[in-house]
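So this block is run_32.cif, mmCIF, C-alpha atoms; chains and numbers go by the auth columns:
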```
data_final
loop_
_atom_site.group_PDB
_atom_site.id
_atom_site.type_symbol
_atom_site.label_atom_id
_atom_site.label_comp_id
_atom_site.label_asym_id
_atom_site.label_seq_id
_atom_site.Cartn_x
_atom_site.Cartn_y
_atom_site.Cartn_z
_atom_site.B_iso_or_equiv
_atom_site.auth_seq_id
_atom_site.auth_asym_id
ATOM 1 C CA MET A 1 70.420 94.040 50.321 0.00 78 A
ATOM 2 C CA THR A 2 68.364 94.580 47.157 0.00 79 A
ATOM 3 C CA LYS A 3 67.253 91.420 45.404 0.00 80 A
ATOM 4 C CA THR A 4 64.987 90.530 42.508 0.00 81 A
ATOM 5 C CA ILE A 5 61.921 88.340 42.763 0.00 82 A
ATOM 6 C CA ASP A 6 59.932 87.024 39.813 0.00 83 A
ATOM 7 C CA VAL A 7 56.156 86.992 40.296 0.00 84 A
ATOM 8 C CA GLU A 8 53.156 86.403 38.080 0.00 85 A
ATOM 9 C CA ILE A 9 50.058 88.550 38.270 0.00 86 A
ATOM 10 C CA TYR A 10 47.108 87.906 35.984 0.00 87 A
ATOM 11 C CA GLY A 11 49.235 85.962 33.527 0.00 88 A
ATOM 12 C CA GLN A 12 52.008 88.561 33.331 0.00 89 A
ATOM 13 C CA ARG A 13 55.442 88.070 34.777 0.00 90 A
ATOM 14 C CA TYR A 14 56.966 90.894 36.799 0.00 91 A
ATOM 15 C CA VAL A 15 60.383 91.352 38.318 0.00 92 A
ATOM 16 C CA ILE A 16 60.191 93.023 41.711 0.00 93 A
ATOM 17 C CA ARG A 17 63.319 94.580 43.147 0.00 94 A
ATOM 18 C CA GLY A 18 63.610 95.370 46.823 0.00 95 A
ATOM 19 C CA ASP A 19 64.704 94.378 50.276 0.00 96 A
ATOM 20 C CA ALA A 20 61.534 92.588 51.391 0.00 97 A
ATOM 21 C CA ASP A 21 61.361 88.880 52.076 0.00 98 A
ATOM 22 C CA ASP A 22 60.643 86.708 49.003 0.00 99 A
ATOM 23 C CA ALA A 23 57.669 85.022 50.640 0.00 100 A
ATOM 24 C CA TYR A 24 56.162 88.386 51.553 0.00 101 A
ATOM 25 C CA ILE A 25 56.468 89.713 47.978 0.00 102 A
ATOM 26 C CA ARG A 26 54.974 86.509 46.587 0.00 103 A
ATOM 27 C CA ARG A 27 52.094 86.796 49.073 0.00 104 A
ATOM 28 C CA LEU A 28 51.413 90.373 47.935 0.00 105 A
ATOM 29 C CA ALA A 29 51.524 89.336 44.274 0.00 106 A
ATOM 30 C CA HIS A 30 49.176 86.431 44.994 0.00 107 A
ATOM 31 C CA LEU A 31 46.723 88.801 46.707 0.00 108 A
ATOM 32 C CA VAL A 32 46.704 91.152 43.696 0.00 109 A
ATOM 33 C CA ASP A 33 46.398 88.210 41.292 0.00 110 A
ATOM 34 C CA ASP A 34 43.439 86.777 43.228 0.00 111 A
ATOM 35 C CA HIS A 35 41.685 90.148 43.285 0.00 112 A
ATOM 36 C CA MET A 36 42.150 90.638 39.560 0.00 113 A
ATOM 37 C CA LYS A 37 40.864 87.149 38.778 0.00 114 A
ATOM 38 C CA HIS A 38 37.864 87.629 41.059 0.00 115 A
ATOM 39 C CA LEU A 39 36.986 90.958 39.427 0.00 116 A
ATOM 40 C CA SER A 40 37.354 89.531 35.936 0.00 117 A
ATOM 41 C CA GLU A 41 34.757 86.844 36.703 0.00 118 A
ATOM 42 C CA GLY A 42 32.075 89.507 37.046 0.00 119 A
ATOM 43 C CA MET A 43 32.989 91.385 33.886 0.00 120 A
ATOM 44 C CA LYS A 44 32.243 90.406 30.319 0.00 121 A
ATOM 45 C CA THR A 45 35.178 92.264 28.843 0.00 122 A
ATOM 46 C CA ALA A 46 37.942 94.021 30.682 0.00 123 A
ATOM 47 C CA THR A 47 41.489 94.860 29.772 0.00 124 A
ATOM 48 C CA PRO A 48 44.236 93.897 32.207 0.00 125 A
ATOM 49 C CA SER A 49 44.943 97.574 32.828 0.00 126 A
ATOM 50 C CA LYS A 50 41.281 98.239 33.704 0.00 127 A
ATOM 51 C CA LEU A 51 41.283 95.251 36.053 0.00 128 A
ATOM 52 C CA ALA A 52 44.515 96.509 37.629 0.00 129 A
ATOM 53 C CA VAL A 53 42.980 99.932 38.292 0.00 130 A
ATOM 54 C CA LEU A 54 39.789 98.416 39.720 0.00 131 A
ATOM 55 C CA THR A 55 41.895 96.111 41.883 0.00 132 A
ATOM 56 C CA ALA A 56 43.899 99.078 43.144 0.00 133 A
ATOM 57 C CA ILE A 57 40.686 100.935 43.992 0.00 134 A
ATOM 58 C CA ASN A 58 39.278 97.898 45.826 0.00 135 A
ATOM 59 C CA LEU A 59 42.496 97.360 47.794 0.00 136 A
ATOM 60 C CA ALA A 60 42.677 101.070 48.667 0.00 137 A
ATOM 61 C CA HIS A 61 39.072 100.870 49.884 0.00 138 A
ATOM 62 C CA GLN A 62 39.952 97.878 52.084 0.00 139 A
ATOM 63 C CA LEU A 63 42.944 99.777 53.453 0.00 140 A
ATOM 64 C CA PHE A 64 40.814 102.833 54.286 0.00 141 A
ATOM 65 C CA GLU A 65 38.153 100.675 55.946 0.00 142 A
ATOM 66 C CA SER A 66 40.815 98.910 58.032 0.00 143 A
ATOM 67 C CA GLU A 67 42.290 102.259 59.052 0.00 144 A
ATOM 68 C CA LYS A 68 38.843 103.536 60.028 0.00 145 A
ATOM 69 C CA LYS A 69 38.187 100.419 62.150 0.00 146 A
ATOM 70 C CA ARG A 70 41.601 100.753 63.795 0.00 147 A
ATOM 71 C CA ALA A 71 40.951 104.401 64.641 0.00 148 A
ATOM 72 C CA GLN A 72 37.505 103.527 66.018 0.00 149 A
ATOM 73 C CA GLY A 73 39.078 100.781 68.111 0.00 150 A
ATOM 74 C CA GLU A 74 41.648 103.209 69.509 0.00 151 A
ATOM 75 C CA ALA A 75 38.903 105.700 70.359 0.00 152 A
ATOM 76 C CA ASP A 76 36.942 102.926 72.115 0.00 153 A
ATOM 77 C CA VAL A 77 40.011 101.962 74.144 0.00 154 A
ATOM 78 C CA ASP A 78 40.585 105.599 75.100 0.00 155 A
ATOM 79 C CA ARG A 79 36.950 105.989 76.215 0.00 156 A
ATOM 80 C CA ARG A 80 37.118 102.793 78.261 0.00 157 A
ATOM 81 C CA MET A 81 40.374 103.874 79.859 0.00 158 A
ATOM 82 C CA VAL A 82 38.873 107.211 80.929 0.00 159 A
ATOM 83 C CA THR A 83 35.795 105.465 82.309 0.00 160 A
ATOM 84 C CA LEU A 84 37.925 103.005 84.263 0.00 161 A
ATOM 85 C CA MET A 85 40.167 105.745 85.613 0.00 162 A
ATOM 86 C CA GLU A 86 37.128 107.722 86.742 0.00 163 A
ATOM 87 C CA SER A 87 35.682 104.614 88.375 0.00 164 A
ATOM 88 C CA ILE A 88 38.950 103.912 90.168 0.00 165 A
ATOM 89 C CA GLU A 89 39.190 107.512 91.344 0.00 166 A
ATOM 90 C CA GLU A 90 35.642 107.347 92.699 0.00 167 A
ATOM 91 C CA GLN A 91 36.457 104.200 94.663 0.00 168 A
ATOM 92 C CA MET A 92 39.774 105.384 96.072 0.00 169 A
ATOM 93 C CA PRO A 93 39.946 107.575 99.176 0.00 170 A
ATOM 94 C CA THR A 94 40.712 111.155 98.183 0.00 171 A
ATOM 95 C CA SER A 95 43.658 111.265 100.584 0.00 172 A
ATOM 96 C CA LEU A 96 45.615 109.004 98.216 0.00 173 A
ATOM 97 C CA PHE A 97 45.560 111.648 95.500 0.00 174 A
ATOM 98 C CA ARG A 98 47.089 114.438 97.650 0.00 175 A
#
```

Have the structure of the file written as structure tokens, please.
Amino acid sequence: MTKTIDVEIYGQRYVIRGDADDAYIRRLAHLVDDHMKHLSEGMKTATPSKLAVLTAINLAHQLFESEKKRAQGEADVDRRMVTLMESIEEQMPTSLFR
């Protein structure tokens, strides 16, 4: 069921429509708001739209880095699995595999 949720990001109110849980949407909005505020501290002058774009770039970077770490973790698990399977095969009598 579609519902509306009011959130505030960087002093602006937004109405979000969707099916997601209210708490989840508020958590997302809070994350974006925190990022924008953090970025604005390091800038002398920045428009809200510039901060929003920089925030989007930073969050996209974090997403890509997380995806890269996840993929590396999967590759590590695959390598370990192969190594363990080879070790098990070496230890088992060959007659069990026929």

*asked:* Please report the interatomic distance between CA of Thr124 in chain A and CA of Arg94 in chain A in Å with one decimal.
replied: 25.6 Å

*Starting from the point (67.3, 92.8, 41.8), work out which residues of protein, DNA or RNA have an atom no more than 10 Å away when counting only C-alpha atoms; state them as number ranges by chain.*
A: 78-83, 92-96

*Provide the CA of Asp99 in chain A to CA of Pro125 in chain A distance in Å, to one decimal place.*
24.6 Å

*Rounded to one decimal in Å, what is the spacing between CA of Glu85 in chain A and CA of Arg103 in chain A?*
8.7 Å

*Using the chain letters and numbering of this document, enumerate as JSON, numbers by chain the residues selected by the PyMOL selection byres ((chain A and resi 131) around 12).*
{"A": [109, 112, 113, 114, 115, 116, 117, 120, 123, 124, 125, 126, 127, 128, 129, 130, 132, 133, 134, 135, 136, 137, 138]}

Would you compute an axis-aligned box for range 130-134 of chain A, covering every atom listed for it in the file with 6 Å of margin on each side, and report centre and edge lengths in Å to one decimal as AutoDock Vina command-line options?
```
--center_x 41.8 --center_y 98.5 --center_z 41.1 --size_x 16.1 --size_y 16.8 --size_z 17.7
```
